[in-house]
Amino acid sequence: MPKGIYQVPFVSNEPVLSYAPGTSEREELLATYKKMYKQVIEVPQYIGSKVVKSGNKKEIRPPHDHKHIVGYYHAGTQADVKAAIDAALKARKDWAAMEWQNRAAIFLKAADLLAGPYRAKINAATMIAQSKNAFQAEIDAACELIDFLRFNVEFMTQIYADQPISSDGIWNRVEYRPLEGFTFAITPFNFTAISGNLPASMAFMGNVVVWKPSDKQVYSAEVIMEVFREAGLPDGVINMVLTGGAETAKTVIEHPDFAGLHFTGSTSVFKALWKQIGDNINIHKTYPRIVGETGGKDFVVAHKSADAQEVATALIRGAFEYQGQKCSAASRAYISKSLWTKVEKEMKKALDSITIGSPEDFSNFVTAVIDENSFNKCKGYIDRAKKSKKAEIAFGGKCDDKVGYFVEPTVILTTDPHYESMVEEIFGPVLTIYVFEDKDWNKTLELVDTTSDYALTGAIFAKDRYVLNEGIKALENSAGNFYINDKPTGAVVGQQPFGGARASGTNDKAGSAMNLLRWVSVRTVKETFVPAKDYRYPFLAKD
Ligand code: NAD
């Protein structure tokens, strides 16, 4: 046990560097990007103390330059997944028994490594293989991951400090034990920070982890493992396997010691995993914890009293930053008719100035979507809108995959509030707008609430406070992260705990104590100082 009740370092958000012309960070990032772009790396699996190179090499290609190869990852097999489970279980005893301040120190060191010597590297990896521009890489791969690691130390100690009251003669305590068995993290391509945080948040609380990153994110996943190892994370605590999703999930979920799933990705995959866990419940030694943050169909609704320029800016940033590949991206908007002409003018001005291309050119606001499937999916929605009687392309609409998977920021205007692109998650730079009659404000709020299965993020714009208040109430269950007069993206750790409900997830709020609580199982301890020596209570005595 620790011989002190330690206070952890004061936590605040990592400052976001500007990368403006002339800054040293811009120079360093560009130089690192160029150097890494010319290299051909090999990404192994990390299983226990072993760095596993299977020899089954799969190419890593930048989405914005898909003929270029920047490396290979060594794809694993189900034998590797089994080995990762064994390595995790072998590491469990020592890791679970390690006092919390050691776990905190490892992850605080990892945060400082990312803030300093690894900042340019993790940002460049995210720019190269996930096609984020410099700013999008900085707010994700560097700042958000650093914040997750630092804030989780704070939240972990808040949890440990949360203790029950004790009455005279007894002392009640609770112990926040790691889950028995091993845990499983499955992470998406679109946020380097999420991919580091999901396995780390479970390890924070003393759990051992099998981690399967997305095959589209292995380049920055490799940097994360490098940082964790350099920070002193013991072998076997986080085991990274580079295997297929479905087979890995089968091997893990059919293991009796499987104790928890920490998933971020699409709704359909999560639902299938949940079902699979249910189907195997009789073989598990414990009820596995299930946490999943999934898809979104995030909205912006603007009342006639809103400021047109503010609405247009929120739509451009909210819908098109990182090519709309954020679970929180604005992808359906409802604009009051008398506001629309002004919003349209402002959007046109902004969209005319946006350039698309490689993230190496810092002037590009938009780069490529992640892969061919995503390109085809976006193009499909755009092509159908071009032909539809219910829709037209207001801006953009060009797609070109000769060099990279480039989709122009596209705005579809529809006369049908239930048109397919108002309802389904596209996960690309395609925004659909429905213009409503000014008098239909209340009807529109109902539409917003009922149109899609998801409830992740949403934003309301208005200046009239009565109107805002109505919206806040009417949309209570439409979004887990709700924004008033702001874009629906860009949640900051420690400030806006993130997660959605309905089909968008279990809403366990990544980057908060609520999430960490899912990875512990409480033991309540009651200690009595002077135990009773007679079973008889006073009321039993004769009058
Ligand atoms: P995805 O569902 O395709 O993949 C996510 C992970 O699941 C990957 O590691 C993938 O290899 C794995 N996987 C795929 N099929 C699997 C299967 N059958 N069994 C087990 N694992 C499987 O998602 P993606 O394209 O990587 O990410 C985009 C999706 O993630 C979007 O739907 C987005 O909204 C969602 N997302 C949600 C949040 C959130 O916080 N709510 C955050 C980021 C992304």
# chains A, B, ... in the order shown; residues from 1 in each chain; ligands from 1

call {"tool": "residues_near_ligand", "arguments": {"ligand": "ligand 1", "cutoff": "7 Å", "atoms": "only C-alpha atoms and all ligand atoms", "output": "ChimeraX atom specification"}}
result
/A:186-191,212-215,244-246,248-249,264-267,269,273,293-296,326-327,427,456,498-500,504-505

call {"tool": "select_by_dssp", "arguments": {"residues": "stretch 278-417 of chain A", "states": "strand (DSSP E or B)", "output": "MDAnalysis selection string"}}
result
chainID A and resid 289:293 298:302 330:336 356 366 391:395 399:400 406:407 410:414

call {"tool": "select_by_dssp", "arguments": {"residues": "stretch 261-395 of chain A", "states": "alpha helix (DSSP H)", "output": "VMD selection string"}}
result
chain A and resid 267 to 279 308 to 320 337 to 353 372 to 387

call {"tool": "closest_residue", "arguments": {"among": "A:Ser12, A:Ser336, A:Ser521, A:Ser331", "to": "A:Ala319", "atoms": "only C-alpha atoms"}}
result
A:Ser331

call {"tool": "atom_distance", "arguments": {"atom1": "atom CA of A:Gly471", "atom2": "atom CA of A:Asp453"}}
result
18.8 Å

call {"tool": "atom_distance", "arguments": {"atom1": "atom CA of A:Ser388", "atom2": "atom CA of A:Phe406"}}
result
22.9 Å

call {"tool": "residues_around", "arguments": {"residues": "A:Ala193", "least_positions_apart": "4", "cutoff": "12 Å", "atoms": "only C-alpha atoms", "output": "ChimeraX atom specification"}}
result
/A:111,114,122-123,126,136-149,187-189,197-201,213,217,220-221,223-224,264,492-493,510-511

call {"tool": "closest_residue", "arguments": {"among": "A:Pro15, A:His66, A:Leu113, A:Asp235", "to": "A:Ala87", "atoms": "only C-alpha atoms"}}
result
A:Asp235
